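Engineer: What follows is start07.txt, made up of compact mmCIF, C-alpha atoms and all ligand atoms:
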# COMPACT_ATOMS: atom_id res chain seq x y z
CA MET A 1 -56.32 39.60 -52.75
CA ASN A 2 -55.05 36.08 -52.59
CA GLN A 3 -56.00 34.38 -55.80
CA HIS A 4 -55.26 30.76 -56.40
CA ARG A 5 -54.80 29.95 -59.99
CA SER A 6 -57.19 27.25 -60.92
CA GLY A 7 -55.35 23.95 -61.05
CA HIS A 8 -56.44 23.34 -64.64
CA HIS A 9 -56.16 25.80 -67.44
CA ASP A 10 -59.41 27.56 -68.29
CA SER A 11 -61.33 25.70 -65.64
CA VAL A 12 -63.58 27.06 -62.94
CA TYR A 13 -63.63 25.25 -59.61
CA LEU A 14 -66.87 25.81 -57.72
CA ASP A 15 -66.61 22.83 -55.38
CA HIS A 16 -64.75 24.35 -52.42
CA ALA A 17 -67.16 22.70 -49.98
CA ALA A 18 -65.79 19.34 -51.17
CA THR A 19 -62.18 20.36 -50.79
CA THR A 20 -59.71 23.16 -51.48
CA PRO A 21 -56.14 23.34 -52.78
CA VAL A 22 -53.41 23.81 -50.20
CA ARG A 23 -52.41 27.46 -50.25
CA PRO A 24 -48.74 28.35 -50.78
CA GLU A 25 -48.30 29.82 -47.29
CA VAL A 26 -49.44 26.50 -45.83
CA VAL A 27 -47.13 24.44 -48.04
CA GLU A 28 -44.30 26.72 -46.97
CA ALA A 29 -45.09 26.22 -43.30
CA MET A 30 -45.29 22.44 -43.74
CA LEU A 31 -42.18 21.78 -45.81
CA PRO A 32 -39.53 22.03 -43.04
CA CYS A 33 -41.49 19.43 -41.04
CA PHE A 34 -40.78 16.75 -43.63
CA THR A 35 -37.04 17.23 -43.73
CA HIS A 36 -35.69 19.45 -40.97
CA THR A 37 -38.19 19.27 -38.10
CA PHE A 38 -38.76 15.56 -38.73
CA GLY A 39 -38.34 14.31 -35.18
CA ASN A 40 -40.85 12.28 -33.22
CA ALA A 41 -42.52 14.78 -30.90
CA SER A 42 -42.31 12.21 -28.10
CA SER A 43 -38.51 11.87 -28.28
CA ILE A 44 -36.45 13.41 -25.49
CA HIS A 45 -33.55 14.57 -27.67
CA GLN A 46 -33.32 17.86 -29.51
CA PHE A 47 -34.90 16.47 -32.70
CA GLY A 48 -37.94 15.41 -30.76
CA GLN A 49 -38.12 18.62 -28.79
CA GLU A 50 -38.04 20.70 -31.94
CA ALA A 51 -40.96 18.74 -33.38
CA LYS A 52 -42.73 19.02 -30.03
CA ARG A 53 -42.33 22.83 -30.09
CA ALA A 54 -43.81 22.98 -33.61
CA LEU A 55 -46.69 20.79 -32.44
CA GLU A 56 -47.42 22.91 -29.38
CA ARG A 57 -47.16 26.15 -31.36
CA ALA A 58 -49.75 24.73 -33.75
CA ARG A 59 -51.97 23.82 -30.80
CA GLU A 60 -51.74 27.39 -29.48
CA THR A 61 -52.58 28.81 -32.90
CA VAL A 62 -55.63 26.58 -33.33
CA ALA A 63 -56.78 27.36 -29.79
CA ARG A 64 -56.41 31.11 -30.30
CA SER A 65 -58.34 30.98 -33.60
CA ILE A 66 -61.45 29.54 -31.94
CA GLY A 67 -61.20 31.09 -28.46
CA ALA A 68 -60.10 27.89 -26.69
CA ASP A 69 -57.28 26.94 -24.34
CA PRO A 70 -54.42 24.94 -25.95
CA ALA A 71 -55.10 22.07 -23.52
CA GLU A 72 -58.57 21.80 -25.09
CA ILE A 73 -57.29 21.09 -28.64
CA PHE A 74 -56.76 17.49 -29.83
CA PHE A 75 -55.39 16.74 -33.29
CA THR A 76 -57.06 14.03 -35.37
CA SER A 77 -57.02 12.65 -38.91
CA GLY A 78 -59.81 14.99 -40.04
CA GLY A 79 -63.42 16.02 -39.68
CA THR A 80 -64.70 12.45 -39.74
CA GLU A 81 -62.46 11.32 -36.90
CA SER A 82 -63.21 14.45 -34.87
CA ASP A 83 -66.94 13.76 -35.21
CA ASN A 84 -66.51 10.09 -34.29
CA LEU A 85 -64.32 10.86 -31.30
CA ALA A 86 -66.71 13.51 -30.03
CA ILE A 87 -69.86 11.44 -30.40
CA GLU A 88 -68.69 7.91 -29.58
CA GLY A 89 -66.24 9.19 -26.98
CA VAL A 90 -68.82 11.18 -25.04
CA VAL A 91 -71.55 8.55 -25.31
CA ARG A 92 -69.19 5.78 -24.13
CA ALA A 93 -68.00 7.87 -21.20
CA ALA A 94 -71.56 8.78 -20.22
CA GLY A 95 -72.17 5.28 -18.88
CA ARG A 96 -75.22 3.07 -18.53
CA GLU A 97 -77.74 5.62 -17.29
CA LYS A 98 -77.22 8.06 -20.13
CA ARG A 99 -77.85 6.14 -23.31
CA HIS A 100 -79.69 8.71 -25.41
CA PRO A 101 -77.86 10.86 -27.98
CA ILE A 102 -79.61 13.55 -30.07
CA THR A 103 -78.70 14.80 -33.55
CA SER A 104 -80.46 16.26 -36.59
CA GLN A 105 -81.65 14.71 -39.85
CA VAL A 106 -79.35 16.93 -41.93
CA GLU A 107 -75.91 16.07 -40.53
CA HIS A 108 -72.92 14.99 -42.59
CA HIS A 109 -72.51 11.21 -42.84
CA ALA A 110 -69.56 11.44 -40.45
CA VAL A 111 -72.14 12.24 -37.76
CA LEU A 112 -75.20 10.41 -39.12
CA ASN A 113 -73.45 7.08 -39.54
CA CYS A 114 -71.94 7.40 -36.08
CA PHE A 115 -75.49 7.70 -34.76
CA ARG A 116 -76.59 4.78 -36.90
CA HIS A 117 -73.86 2.73 -35.26
CA LEU A 118 -74.96 3.87 -31.79
CA LYS A 119 -78.51 2.86 -32.64
CA GLN A 120 -77.31 -0.57 -33.78
CA THR A 121 -75.62 -1.01 -30.42
CA GLY A 122 -78.95 -0.55 -28.70
CA ARG A 123 -79.14 3.14 -27.91
CA GLY A 124 -82.33 5.11 -28.39
CA VAL A 125 -81.37 7.84 -30.82
CA THR A 126 -83.31 11.02 -31.65
CA TYR A 127 -83.00 12.64 -35.08
CA LEU A 128 -84.44 16.15 -34.91
CA PRO A 129 -86.37 17.31 -37.98
CA VAL A 130 -85.73 20.63 -39.76
CA ASP A 131 -87.98 23.24 -41.36
CA ARG A 132 -88.07 23.94 -45.12
CA PHE A 133 -84.92 26.05 -44.82
CA GLY A 134 -83.05 23.24 -43.05
CA VAL A 135 -83.13 24.78 -39.57
CA VAL A 136 -83.66 22.80 -36.36
CA ASP A 137 -86.48 24.05 -34.10
CA LEU A 138 -85.42 25.11 -30.58
CA GLY A 139 -88.68 23.79 -29.13
CA ASP A 140 -87.88 20.38 -30.60
CA VAL A 141 -84.44 20.46 -28.94
CA ALA A 142 -85.96 21.31 -25.56
CA ALA A 143 -88.59 18.59 -25.95
CA ALA A 144 -86.05 15.94 -26.99
CA VAL A 145 -83.65 16.37 -24.07
CA ARG A 146 -84.38 13.77 -21.37
CA PRO A 147 -82.76 12.86 -18.07
CA ASP A 148 -80.91 10.02 -19.86
CA THR A 149 -79.64 12.19 -22.73
CA ALA A 150 -75.90 11.76 -23.20
CA LEU A 151 -75.14 14.28 -25.94
CA VAL A 152 -76.58 16.75 -28.44
CA SER A 153 -74.68 16.91 -31.75
CA ILE A 154 -75.86 19.48 -34.30
CA MET A 155 -73.77 20.92 -37.11
CA LEU A 156 -72.92 24.62 -37.28
CA ALA A 157 -73.29 24.92 -41.06
CA ASN A 158 -74.67 22.44 -43.54
CA ASN A 159 -72.34 21.20 -46.27
CA GLU A 160 -75.04 20.90 -48.95
CA THR A 161 -77.04 24.08 -48.43
CA GLY A 162 -74.84 26.31 -46.24
CA THR A 163 -77.73 26.77 -43.78
CA LEU A 164 -76.56 27.83 -40.31
CA GLN A 165 -78.07 26.29 -37.18
CA PRO A 166 -78.80 28.37 -34.05
CA ILE A 167 -76.04 26.57 -32.15
CA ARG A 168 -75.68 29.16 -29.40
CA GLU A 169 -79.35 28.77 -28.49
CA ILE A 170 -79.27 24.97 -28.87
CA ALA A 171 -76.20 24.78 -26.62
CA ALA A 172 -77.86 26.96 -23.98
CA ILE A 173 -80.91 24.68 -23.87
CA ALA A 174 -78.86 21.48 -23.60
CA ARG A 175 -76.25 22.72 -21.17
CA GLU A 176 -78.90 24.13 -18.86
CA ARG A 177 -79.98 20.50 -18.49
CA GLY A 178 -76.40 19.29 -18.03
CA VAL A 179 -76.14 17.72 -21.48
CA PRO A 180 -72.86 18.21 -23.40
CA VAL A 181 -73.09 19.72 -26.88
CA HIS A 182 -70.99 18.89 -29.94
CA THR A 183 -71.02 20.84 -33.18
CA ASP A 184 -69.53 19.85 -36.52
CA ALA A 185 -68.00 23.17 -37.61
CA VAL A 186 -66.10 21.70 -40.58
CA GLN A 187 -67.89 23.91 -43.14
CA ALA A 188 -68.25 26.92 -40.84
CA VAL A 189 -64.69 27.68 -39.76
CA GLY A 190 -63.07 30.28 -41.95
CA LYS A 191 -66.47 31.28 -43.39
CA VAL A 192 -68.24 32.67 -40.31
CA PRO A 193 -66.78 33.66 -36.92
CA VAL A 194 -66.36 30.56 -34.74
CA ASN A 195 -65.64 31.02 -31.05
CA VAL A 196 -66.25 28.12 -28.68
CA LYS A 197 -66.95 30.35 -25.67
CA ASP A 198 -69.39 32.47 -27.59
CA LEU A 199 -71.16 29.38 -28.98
CA GLY A 200 -71.14 27.69 -25.58
CA VAL A 201 -70.40 24.25 -27.02
CA ASP A 202 -68.40 21.49 -25.31
CA LEU A 203 -66.95 19.88 -28.43
CA LEU A 204 -66.29 21.26 -31.91
CA SER A 205 -64.93 19.53 -35.03
CA ILE A 206 -62.55 21.13 -37.53
CA SER A 207 -61.02 19.83 -40.77
CA ALA A 208 -58.03 21.37 -42.57
CA HIS A 209 -58.79 20.53 -46.19
CA LYS A 210 -61.87 22.77 -46.39
CA ILE A 211 -59.77 25.83 -45.50
CA TYR A 212 -56.79 25.47 -47.87
CA GLY A 213 -54.96 23.08 -45.58
CA PRO A 214 -53.92 19.46 -46.22
CA LYS A 215 -56.31 16.51 -46.31
CA GLY A 216 -56.30 13.94 -43.52
CA VAL A 217 -55.84 16.27 -40.57
CA GLY A 218 -58.30 17.93 -38.23
CA ALA A 219 -58.86 18.95 -34.66
CA LEU A 220 -61.42 18.41 -31.96
CA TYR A 221 -62.03 21.05 -29.31
CA ILE A 222 -62.93 19.38 -26.02
CA ARG A 223 -63.92 21.78 -23.25
CA LYS A 224 -62.05 21.20 -20.00
CA GLY A 225 -63.99 18.89 -17.71
CA THR A 226 -65.92 17.12 -20.50
CA LYS A 227 -66.29 13.39 -19.85
CA ILE A 228 -64.97 11.56 -22.91
CA ALA A 229 -63.29 8.23 -23.67
CA PRO A 230 -60.68 7.75 -26.42
CA LEU A 231 -61.53 5.54 -29.41
CA PHE A 232 -57.94 4.45 -30.14
CA HIS A 233 -55.66 2.74 -27.68
CA GLY A 234 -51.93 3.27 -27.81
CA GLY A 235 -49.34 5.65 -26.48
CA HIS A 236 -49.72 8.82 -24.51
CA HIS A 237 -49.90 11.17 -27.51
CA GLU A 238 -52.52 13.92 -27.35
CA SER A 239 -52.82 13.16 -23.62
CA GLY A 240 -53.90 9.62 -24.49
CA MET A 241 -57.07 10.97 -26.13
CA ARG A 242 -55.74 10.24 -29.59
CA PRO A 243 -52.67 8.02 -29.54
CA GLY A 244 -50.36 7.71 -32.54
CA THR A 245 -47.17 9.59 -33.47
CA GLU A 246 -48.33 13.09 -34.31
CA ASN A 247 -48.46 14.09 -37.97
CA VAL A 248 -46.52 17.27 -37.26
CA ALA A 249 -46.34 18.52 -40.86
CA SER A 250 -50.10 18.25 -41.37
CA ILE A 251 -50.85 19.69 -37.94
CA VAL A 252 -48.60 22.67 -38.68
CA GLY A 253 -50.44 23.02 -42.01
CA LEU A 254 -53.84 22.94 -40.29
CA ALA A 255 -52.74 25.62 -37.82
CA ARG A 256 -51.38 27.91 -40.53
CA ALA A 257 -54.49 27.45 -42.69
CA LEU A 258 -56.81 28.19 -39.77
CA GLU A 259 -54.75 31.17 -38.66
CA LEU A 260 -54.91 32.70 -42.13
CA ALA A 261 -58.60 31.91 -42.60
CA THR A 262 -59.43 33.54 -39.28
CA GLU A 263 -57.27 36.62 -39.97
CA GLU A 264 -58.74 37.08 -43.43
CA LEU A 265 -62.36 36.34 -42.53
CA PRO A 266 -63.44 40.02 -42.33
CA ARG A 267 -62.39 40.38 -45.98
CA THR A 268 -63.20 36.96 -47.41
CA ALA A 269 -66.73 36.61 -46.03
CA PRO A 270 -68.16 39.77 -47.69
CA ARG A 271 -66.22 39.04 -50.89
CA LEU A 272 -67.62 35.52 -51.14
CA ALA A 273 -71.14 36.65 -50.21
CA ALA A 274 -71.07 39.27 -52.99
CA LEU A 275 -69.93 36.67 -55.53
CA ARG A 276 -72.53 34.19 -54.26
CA ASP A 277 -75.22 36.88 -54.62
CA ARG A 278 -74.02 37.69 -58.14
CA LEU A 279 -74.36 34.01 -59.05
CA GLU A 280 -77.79 33.69 -57.44
CA ARG A 281 -79.09 36.92 -59.00
CA GLY A 282 -77.71 35.92 -62.39
CA ILE A 283 -79.39 32.52 -62.25
CA ARG A 284 -82.75 34.03 -61.27
CA GLU A 285 -82.55 36.66 -64.02
CA ARG A 286 -81.58 34.27 -66.76
CA ILE A 287 -83.30 31.01 -65.87
CA ALA A 288 -86.95 30.38 -65.03
CA ASP A 289 -88.27 27.82 -62.54
CA VAL A 290 -85.35 27.72 -60.13
CA HIS A 291 -85.55 27.18 -56.38
CA LEU A 292 -83.13 28.08 -53.59
CA ASN A 293 -82.44 25.17 -51.26
CA GLY A 294 -81.43 26.53 -47.88
CA HIS A 295 -82.01 29.57 -45.73
CA PRO A 296 -82.12 32.88 -47.63
CA ARG A 297 -80.20 34.75 -44.88
CA GLU A 298 -78.87 32.44 -42.17
CA ARG A 299 -76.30 30.77 -44.38
CA LEU A 300 -72.62 30.52 -45.24
CA PRO A 301 -71.29 33.13 -47.68
CA ASN A 302 -69.81 30.53 -50.04
CA ILE A 303 -72.47 27.89 -50.71
CA LEU A 304 -75.41 28.22 -53.12
CA ASN A 305 -77.73 25.26 -53.66
CA ILE A 306 -80.26 25.68 -56.46
CA GLY A 307 -82.87 23.31 -57.90
CA PHE A 308 -83.49 23.63 -61.65
CA GLU A 309 -86.95 22.26 -62.43
CA ALA A 310 -87.23 19.42 -64.93
CA ILE A 311 -83.51 18.62 -65.12
CA GLU A 312 -81.32 16.02 -63.47
CA GLY A 313 -78.52 17.58 -61.43
CA GLU A 314 -76.21 14.81 -62.59
CA ALA A 315 -76.79 15.74 -66.26
CA MET A 316 -76.03 19.39 -65.50
CA LEU A 317 -72.92 18.47 -63.54
CA LEU A 318 -71.57 16.44 -66.46
CA ALA A 319 -72.40 19.14 -69.01
CA LEU A 320 -70.75 21.80 -66.86
CA ASP A 321 -67.72 19.56 -66.43
CA LEU A 322 -67.34 19.43 -70.22
CA SER A 323 -67.19 23.24 -70.10
CA GLY A 324 -64.47 23.04 -67.45
CA ILE A 325 -66.77 23.99 -64.59
CA ALA A 326 -66.68 21.86 -61.45
CA VAL A 327 -69.77 21.82 -59.20
CA SER A 328 -71.50 19.16 -57.17
CA THR A 329 -75.03 17.77 -57.04
CA GLY A 330 -77.24 18.28 -54.02
CA SER A 331 -76.91 14.67 -53.12
CA ALA A 332 -73.77 13.63 -51.32
CA CYS A 333 -73.88 10.50 -53.42
CA THR A 334 -70.85 8.82 -54.74
CA SER A 335 -71.21 8.90 -58.49
CA GLY A 336 -73.17 6.00 -59.80
CA SER A 337 -75.70 5.73 -56.99
CA MET A 338 -78.72 7.91 -57.57
CA GLU A 339 -79.86 8.11 -53.98
CA SER A 340 -81.21 11.61 -53.43
CA SER A 341 -80.01 13.92 -50.71
CA HIS A 342 -81.08 13.18 -47.13
CA VAL A 343 -80.64 16.89 -46.40
CA LEU A 344 -83.05 18.06 -49.09
CA SER A 345 -85.56 15.34 -48.29
CA ALA A 346 -85.51 16.37 -44.60
CA MET A 347 -86.32 19.89 -45.86
CA ARG A 348 -89.34 18.42 -47.71
CA VAL A 349 -87.91 19.27 -51.11
CA PRO A 350 -89.87 17.03 -53.52
CA PRO A 351 -87.67 14.17 -54.82
CA GLU A 352 -87.72 15.35 -58.43
CA LEU A 353 -86.54 18.81 -57.35
CA ALA A 354 -83.94 17.32 -55.02
CA ARG A 355 -82.51 15.41 -57.99
CA ALA A 356 -82.47 18.72 -59.89
CA ALA A 357 -80.20 20.43 -57.36
CA LEU A 358 -76.71 21.77 -57.89
CA ARG A 359 -74.34 22.97 -55.19
CA PHE A 360 -72.01 25.79 -56.15
CA SER A 361 -69.36 26.41 -53.51
CA LEU A 362 -67.13 29.42 -53.95
CA GLY A 363 -63.63 30.13 -52.70
CA MET A 364 -60.37 31.96 -53.16
CA SER A 365 -60.11 31.33 -56.90
CA THR A 366 -63.64 32.62 -57.60
CA THR A 367 -63.87 35.96 -59.44
CA GLU A 368 -66.68 37.98 -61.01
CA ALA A 369 -65.42 37.00 -64.45
CA ARG A 370 -65.56 33.31 -63.55
CA ILE A 371 -69.07 33.67 -62.12
CA ASP A 372 -70.17 35.39 -65.34
CA PHE A 373 -68.65 32.60 -67.41
CA VAL A 374 -70.52 30.03 -65.31
CA LEU A 375 -73.79 31.95 -65.77
CA GLU A 376 -73.31 31.98 -69.51
CA ARG A 377 -72.60 28.25 -69.76
CA LEU A 378 -75.28 27.33 -67.25
CA THR A 379 -77.96 29.26 -69.14
CA ASP A 380 -77.15 27.37 -72.35
CA ILE A 381 -76.96 24.01 -70.63
CA VAL A 382 -80.27 24.44 -68.81
CA ALA A 383 -81.99 25.53 -72.03
CA ARG A 384 -80.56 22.56 -73.91
CA LEU A 385 -81.40 19.99 -71.23
CA ARG A 386 -84.90 21.40 -70.72
CA HIS A 387 -85.50 21.28 -74.43
CA MET A 388 -84.82 17.54 -74.30
CA SER A 389 -86.65 16.96 -71.05
CA PRO A 390 -89.98 15.16 -71.17
CA LEU A 391 -90.70 16.78 -67.79
CA HIS A 392 -90.55 20.33 -69.07
CA ALA A 393 -93.50 22.16 -70.65
CA GLY A 394 -92.69 23.11 -74.21
CA GLY A 395 -89.73 20.80 -74.42
CA GLY A 396 -89.05 17.15 -74.85
CA PHE A 397 -90.77 14.32 -76.51
CA ARG A 398 -94.35 15.06 -75.74
CA ASN A 399 -96.87 13.21 -77.84
CA GLY A 400 -98.80 15.87 -79.73
CA ARG A 401 -101.80 13.65 -80.51
N1 LIG A 501 -68.45 17.28 -41.64
C1 LIG A 501 -68.82 18.09 -42.64
C2 LIG A 501 -69.95 19.06 -42.43
C3 LIG A 501 -68.18 18.04 -43.87
O1 LIG A 501 -68.56 18.82 -44.87
C4 LIG A 501 -67.11 17.10 -44.03
C5 LIG A 501 -66.44 17.03 -45.34
O2 LIG A 501 -66.26 16.07 -45.99
C6 LIG A 501 -66.75 16.28 -42.94
C7 LIG A 501 -67.45 16.40 -41.77
C8 LIG A 501 -65.66 15.27 -43.02
O3 LIG A 501 -64.39 15.86 -42.91
P1 LIG A 501 -63.10 15.06 -43.43
O4 LIG A 501 -63.21 15.01 -44.92
O5 LIG A 501 -61.93 15.89 -42.96
O6 LIG A 501 -63.12 13.72 -42.80
Here is the file; what I need is its structure written in the form of structure tokens.
Structural biologist:
Amino acid sequence: MNQHRSGHHDSVYLDHAATTPVRPEVVEAMLPCFTHTFGNASSIHQFGQEAKRALERARETVARSIGADPAEIFFTSGGTESDNLAIEGVVRAAGREKRHPITSQVEHHAVLNCFRHLKQTGRGVTYLPVDRFGVVDLGDVAAAVRPDTALVSIMLANNETGTLQPIREIAAIARERGVPVHTDAVQAVGKVPVNVKDLGVDLLSISAHKIYGPKGVGALYIRKGTKIAPLFHGGHHESGMRPGTENVASIVGLARALELATEELPRTAPRLAALRDRLERGIRERIADVHLNGHPRERLPNILNIGFEAIEGEAMLLALDLSGIAVSTGSACTSGSMESSHVLSAMRVPPELARAALRFSLGMSTTEARIDFVLERLTDIVARLRHMSPLHAGGGFRNGR
């Protein structure tokens, strides 16, 4: 089993949904691109051609991993750019008659803020609601699609809760009406099988740094025949869809990371799910008044989002950090702002419980021993914080008079 040593001695990293370390095989694949295969892939001479071959091999690898044709893969600077290119690019190309894009209330900000921008530029935008598990309703999708709909963009797996959306069914509904479908698969690739033909989507976003590849590189699958306009203007790189001298080293890293993640998926998914279940079971056995945020079955194997009644997630995060355990709060907030999660609020999680949420995201370095250590520390921390909490029965500074 591939085991990354945790970057810091005696620390437990449970924030793999935020980012992952670059695995040694990926570093090894990338290194020659900095020094030996350094050419500009657009140059005619042998240096350029060598870089070009590395680039096209990477394109083939990425295509093969998701069931696409190499001509349908476009390299970008990451998940955010892939999402922007897909959404803005398709909406711009759709023209004046098709001004209506559809998304969900639980998307990553890379999608949500793209839609906010579209709305500011005068387009009527639909944000589909979700049920208490975070799942979009197929009837709502069918009802939202109109003759002027330009695009449906719904994520494959949610980054806060791990909930999976029924993308195959959503895509069937939209495409039947001639509407292109984009899915943000940034959290899904390498965790669940992702095949563009099987899903029936037209566009799909990937990011390398969630799958043990480098940061700042991603890919967008664009099905042949999809009408889309580039966002950047420059040279003819990436068929003019994404101009700029290709970042060959990072692209090679992305391809190697995706290749390995896809190959290893049949082993990693059950391993992660078993560890996730051990963590969830352990929390339920040891700690009262906890709530699962997300779907109990239709979910990623590596994300567990739990609300601990009467405690602030932020306080738990800091206490865990002092024990060397890295997790994240339910809210995607940058530290300092206490805005609660738009995902949990769309799921009707009460605000006080949304603020009490922690996201544990497991990965290669996670072991049973590390999960057990986390359970031990977490149990103590929750007991201590609840004891001080004025919100918790039996604890805190309640006035006895
Ligand atoms: N979409 C989802 C679902 C994510 O979790 C992330 C991660 O941050 C992104 C998009 C953005 O990807 P990137 O960090 O590569 O821009």
Engineer: Point out the residue among A:Leu300, A:Leu318, A:Ala144, A:Ile251 with the least atom-to-atom distance to Thr163 of chain A, counting only C-alpha atoms.
Structural biologist: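 Selected residue with least distance to Thr163 of chain A: A:Leu300.
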Engineer: Could you report the residues within 7 Å of ligand LIG 501 (chain A), using all atoms listed in the file, as an NGL selection string?
Structural biologist: :A and (17-18 or 78-81 or 107-108 or 110 or 155 or 157-159 or 184-187 or 207-209 or 215-218)
Engineer: Go through A:Arg53, A:His182, A:Arg132, A:Arg271 one by one, measure the shortest atom-to-atom distance of each to Gly294 of chain A using only C-alpha atoms, and give the residue with the smallest value.
Structural biologist: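 Nearest to Gly294 of chain A: A:Arg132.
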Engineer: Which residue, A:Ala86, A:Ala369, A:Val130, A:Leu317, has the smallest gap to Ala219 of chain A when you use only C-alpha atoms?
Structural biologist: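 Among A:Ala86, A:Ala369, A:Val130, A:Leu317, it is A:Ala86 that comes nearest to Ala219 of chain A.
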Engineer: Would you pick out the contacts of segment 102-106 of chain A at 6 Å or less, using only C-alpha atoms, so that residues sharing its chain but fewer than 6 positions from it are not included, and give the list as a VMD selection string?
Structural biologist: chain A and resid 126 to 129 152 to 154 343
Engineer: Just want the 10 Å neighbourhood of segment 115-124 of chain A, counted on only C-alpha atoms, with same-chain residues fewer than 4 positions away dropped. Output as a PyMOL selection string.
Structural biologist: chain A and resi 84+87-88+91-92+98-103+109-111+148-149+153
Engineer: Can you measure atom CA of Leu353 of chain A to atom CA of Glu376 of chain A for me? One decimal in Å is fine.
Structural biologist: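 Atom CA of Glu376 of chain A lies 22.3 Å from atom CA of Leu353 of chain A.
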Engineer: For Gly200 of chain A, work out the shell of residues within 8 Å, counting only C-alpha atoms and skipping chain neighbours fewer than 2 positions away, then give it as a list in words.
Structural biologist: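 Once the nearby chain positions are removed, what remains is Arg168, Ala171, Ala172, Val196, Lys197, Asp198 and Asp202 of chain A.
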Engineer: Pick from A:Thr226, A:Thr245, A:Ser43, A:Thr37: nearest to Gly89 of chain A, with all atoms listed in the file counted?
Structural biologist: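 That would be A:Thr226, the residue with the smallest distance to Gly89 of chain A.
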Engineer: How many Å separate atom CA of Tyr212 of chain A from atom CA of Ala319 of chain A?
Structural biologist: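 That distance, rounded to one decimal, is 27.0 Å.
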Engineer: What does the structure give for the distance between atom CA of Glu176 of chain A and atom CA of Ala71 of chain A, in Å to one decimal?
Structural biologist: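 Between these atoms lies a distance of 24.3 Å.
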Engineer: If we count all atoms listed in the file and set the cut-off at 8 Å, which residues sit around Ser328 of chain A, ignoring sequence neighbours fewer than 3 positions away in its own chain? Please answer as an NGL selection string.
Structural biologist: :A and (15 or 317 or 358-360)
Engineer: Write a file of the just-selected residues containing C-alpha atoms, as a PDB file, in the frame of the given file.
Structural biologist:
ATOM      1  CA  ASP A  15     -66.610  22.830 -55.380  1.00  0.00           C
ATOM      2  CA  LEU A 317     -72.920  18.470 -63.540  1.00  0.00           C
ATOM      3  CA  LEU A 358     -76.710  21.770 -57.890  1.00  0.00           C
ATOM      4  CA  ARG A 359     -74.340  22.970 -55.190  1.00  0.00           C
ATOM      5  CA  PHE A 360     -72.010  25.790 -56.150  1.00  0.00           C
TER       6      PHE A 360
END
Engineer: I'd like to know which of A:Arg355, A:Ser82, A:Leu304, A:Gly139 is closest to Cys114 of chain A, using all atoms listed in the file.
Structural biologist: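 The answer is A:Ser82, which sits nearest to Cys114 of chain A.
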Engineer: Between A:Arg256, A:Arg286, A:Lys191, A:Arg276, single out the one closest to Arg23 of chain A, counting all atoms listed in the file.
Structural biologist: A:Arg256
Engineer: Please provide the set of residues having any atom within 7 Å of Val26 of chain A, restricted to only C-alpha atoms, with same-chain residues fewer than 5 positions apart removed, written as an mmCIF file with C-alpha atoms, in the frame of the given file.
Structural biologist:
data_model
loop_
_atom_site.group_PDB
_atom_site.id
_atom_site.type_symbol
_atom_site.label_atom_id
_atom_site.label_comp_id
_atom_site.auth_asym_id
_atom_site.auth_seq_id
_atom_site.Cartn_x
_atom_site.Cartn_y
_atom_site.Cartn_z
ATOM 1 C CA GLY A 213 -54.960 23.080 -45.580
ATOM 2 C CA GLY A 253 -50.440 23.020 -42.010
ATOM 3 C CA ARG A 256 -51.380 27.910 -40.530
ATOM 4 C CA ALA A 257 -54.490 27.450 -42.690
#
Engineer: Take every atom of segment 35-54 of chain A listed in the file, fit an axis-aligned box around them, add 6 Å per side, and give the centre and edge lengths in Å to one decimal as JSON.
Structural biologist:
{"center_x": -38.6, "center_y": 17.4, "center_z": -34.6, "size_x": 22.5, "size_y": 23.1, "size_z": 30.2}
